Amino acid sequence: MGEYCSFCESRMNSSLAVEHMLPQKHHPALELDWSNFLLACVNCNSTKGHDNIQLADYFWPDRDNTARAFVYAEDGVVAPDPALGAKAQRRAERTIRLTGLDKLPLNNPRASDRRWQHRKEAWGRAEEARDSLAANDTPHMRKQVIRQATALGYWSIWMTVFASDKHMRQELINAFKGTAPACFDAATQPLPRPGGAL
């Protein structure tokens, strides 16, 4: 999945942490099992903690089409996609709470968890890139946008900001390693999982 947090999608240049989806404390036999590992930033990993969980109660980026589970807003907020059914919305809400993607460090400049602020900044950069591209739509400019997006991370934000640019969305899907192209239709819209379930 590249060097991006599996949950908040931030670029991780250092402090890489292995996230045990099922905590070692409760599942010691899975401590070295690759199917139980995800890459996570320190904030997402520590927020999740060591509680014993049921995998089926949450969305997992290596197993589920999480592009359909969450929506990202300009103000840095992550929320369940309102188009989901009630059961899938509850599952999305649990995932957001589990990883702390609902934390907002408002009025606390000393807060160590700045994921919300970083998403907001990424949104601003993506909008600037979109506007620059609209003013000068060349292959070189498109490559620059992709370089900036992959250097910063936050794939879902870039996909949201470039929602009306099918070509750029396809380039983003191709540029971010680990993105499952089969999860998107020809217009690069997220597809449901087989059987219509998320």
# chains A, B, ... in the order shown; residues from 1 in each chain; ligands from 1
$ residues_around --residues "stretch 70-87 of chain A" --least-positions-apart "6" --cutoff "6 Å" --atoms "only C-alpha atoms" --output "short mmCIF file (atom, residue, chain, number, x, y, z; two decimals) with N, CA and C atoms, in the first residue's frame"
data_model
loop_
_atom_site.label_atom_id
_atom_site.label_comp_id
_atom_site.auth_asym_id
_atom_site.auth_seq_id
_atom_site.Cartn_x
_atom_site.Cartn_y
_atom_site.Cartn_z
N TRP A 116 -6.60 15.66 11.74
CA TRP A 116 -7.68 16.49 11.21
C TRP A 116 -7.11 17.71 10.49
N ARG A 119 -5.47 16.73 7.20
CA ARG A 119 -6.46 16.47 6.14
C ARG A 119 -6.97 17.78 5.55
N LYS A 120 -7.20 18.74 6.42
CA LYS A 120 -7.68 20.06 5.97
C LYS A 120 -6.63 20.72 5.07
N TRP A 123 -6.53 19.01 1.71
CA TRP A 123 -7.66 19.44 0.88
C TRP A 123 -7.31 20.76 0.18
#
$ atom_distance --atom1 "atom CA of A:Leu104" --atom2 "atom CA of A:Ile146"
27.9 Å
$ closest_atom_pairs --of "stretch 135-158 of chain A" --to "stretch 162-175 of chain A" --cutoff "10 Å" --atoms "only C-alpha atoms" --output "tab-separated table"
residue	atom	partner	partner_atom	distance
A:Arg142	CA	A:Met168	CA	7.4
A:Lys143	CA	A:Glu171	CA	9.0
A:Val145	CA	A:Met168	CA	8.8
A:Ile146	CA	A:Leu172	CA	6.6
A:Arg147	CA	A:Ala175	CA	8.7
A:Ala149	CA	A:Leu172	CA	8.0
A:Thr150	CA	A:Ala175	CA	7.2
A:Trp155	CA	A:Leu172	CA	7.5
A:Ser156	CA	A:Leu172	CA	9.6
A:Ile157	CA	A:Phe162	CA	8.5
A:Trp158	CA	A:Phe162	CA	6.0
$ write_last_selection --atoms "N, CA and C atoms" --output "CSV table (one decimal), in the first residue's frame"
chain,number,residue,atom,x,y,z
A,142,ARG,N,-0.2,17.7,-15.1
A,142,ARG,CA,-0.8,16.5,-14.5
A,142,ARG,C,0.2,15.7,-13.8
A,143,LYS,N,1.4,15.5,-14.3
A,143,LYS,CA,2.5,14.8,-13.6
A,143,LYS,C,2.8,15.5,-12.3
A,145,VAL,N,0.9,17.3,-10.5
A,145,VAL,CA,-0.2,17.1,-9.5
A,145,VAL,C,-0.1,15.7,-8.9
A,146,ILE,N,0.2,14.7,-9.7
A,146,ILE,CA,0.4,13.3,-9.2
A,146,ILE,C,1.6,13.3,-8.2
A,147,ARG,N,2.7,13.9,-8.6
A,147,ARG,CA,3.9,14.0,-7.7
A,147,ARG,C,3.5,14.6,-6.4
A,149,ALA,N,0.5,14.8,-5.0
A,149,ALA,CA,-0.4,13.9,-4.3
A,149,ALA,C,0.3,12.8,-3.6
A,150,THR,N,1.2,12.1,-4.4
A,150,THR,CA,1.8,10.9,-3.8
A,150,THR,C,2.9,11.3,-2.7
A,155,TRP,N,-5.0,10.0,-0.3
A,155,TRP,CA,-5.6,9.6,-1.6
A,155,TRP,C,-7.0,10.0,-1.7
A,156,SER,N,-7.8,9.7,-0.7
A,156,SER,CA,-9.3,9.9,-0.7
A,156,SER,C,-9.6,11.4,-0.9
A,157,ILE,N,-8.8,12.2,-0.3
A,157,ILE,CA,-9.0,13.7,-0.5
A,157,ILE,C,-8.8,14.1,-1.9
A,158,TRP,N,-7.7,13.6,-2.5
A,158,TRP,CA,-7.4,14.0,-3.9
A,158,TRP,C,-8.5,13.4,-4.8
$ atom_distance --atom1 "atom CA of A:Ala182" --atom2 "atom CA of A:Asp131"
28.8 Å
$ atom_distance --atom1 "atom CA of A:Asp102" --atom2 "atom CA of A:Thr188"
26.7 Å
$ residues_around --residues "A:Cys5" --least-positions-apart "3" --cutoff "7 Å" --atoms "only C-alpha atoms" --output "list of chain:residue names"
A:Cys8, A:Glu9, A:Ser10, A:Arg11, A:Met12, A:Leu39, A:Ala40, A:Cys41
$ closest_residue --among "A:Cys183, A:Ala126, A:Ile96, A:Leu38" --to "A:Asp57" --atoms "only C-alpha atoms"
A:Ile96
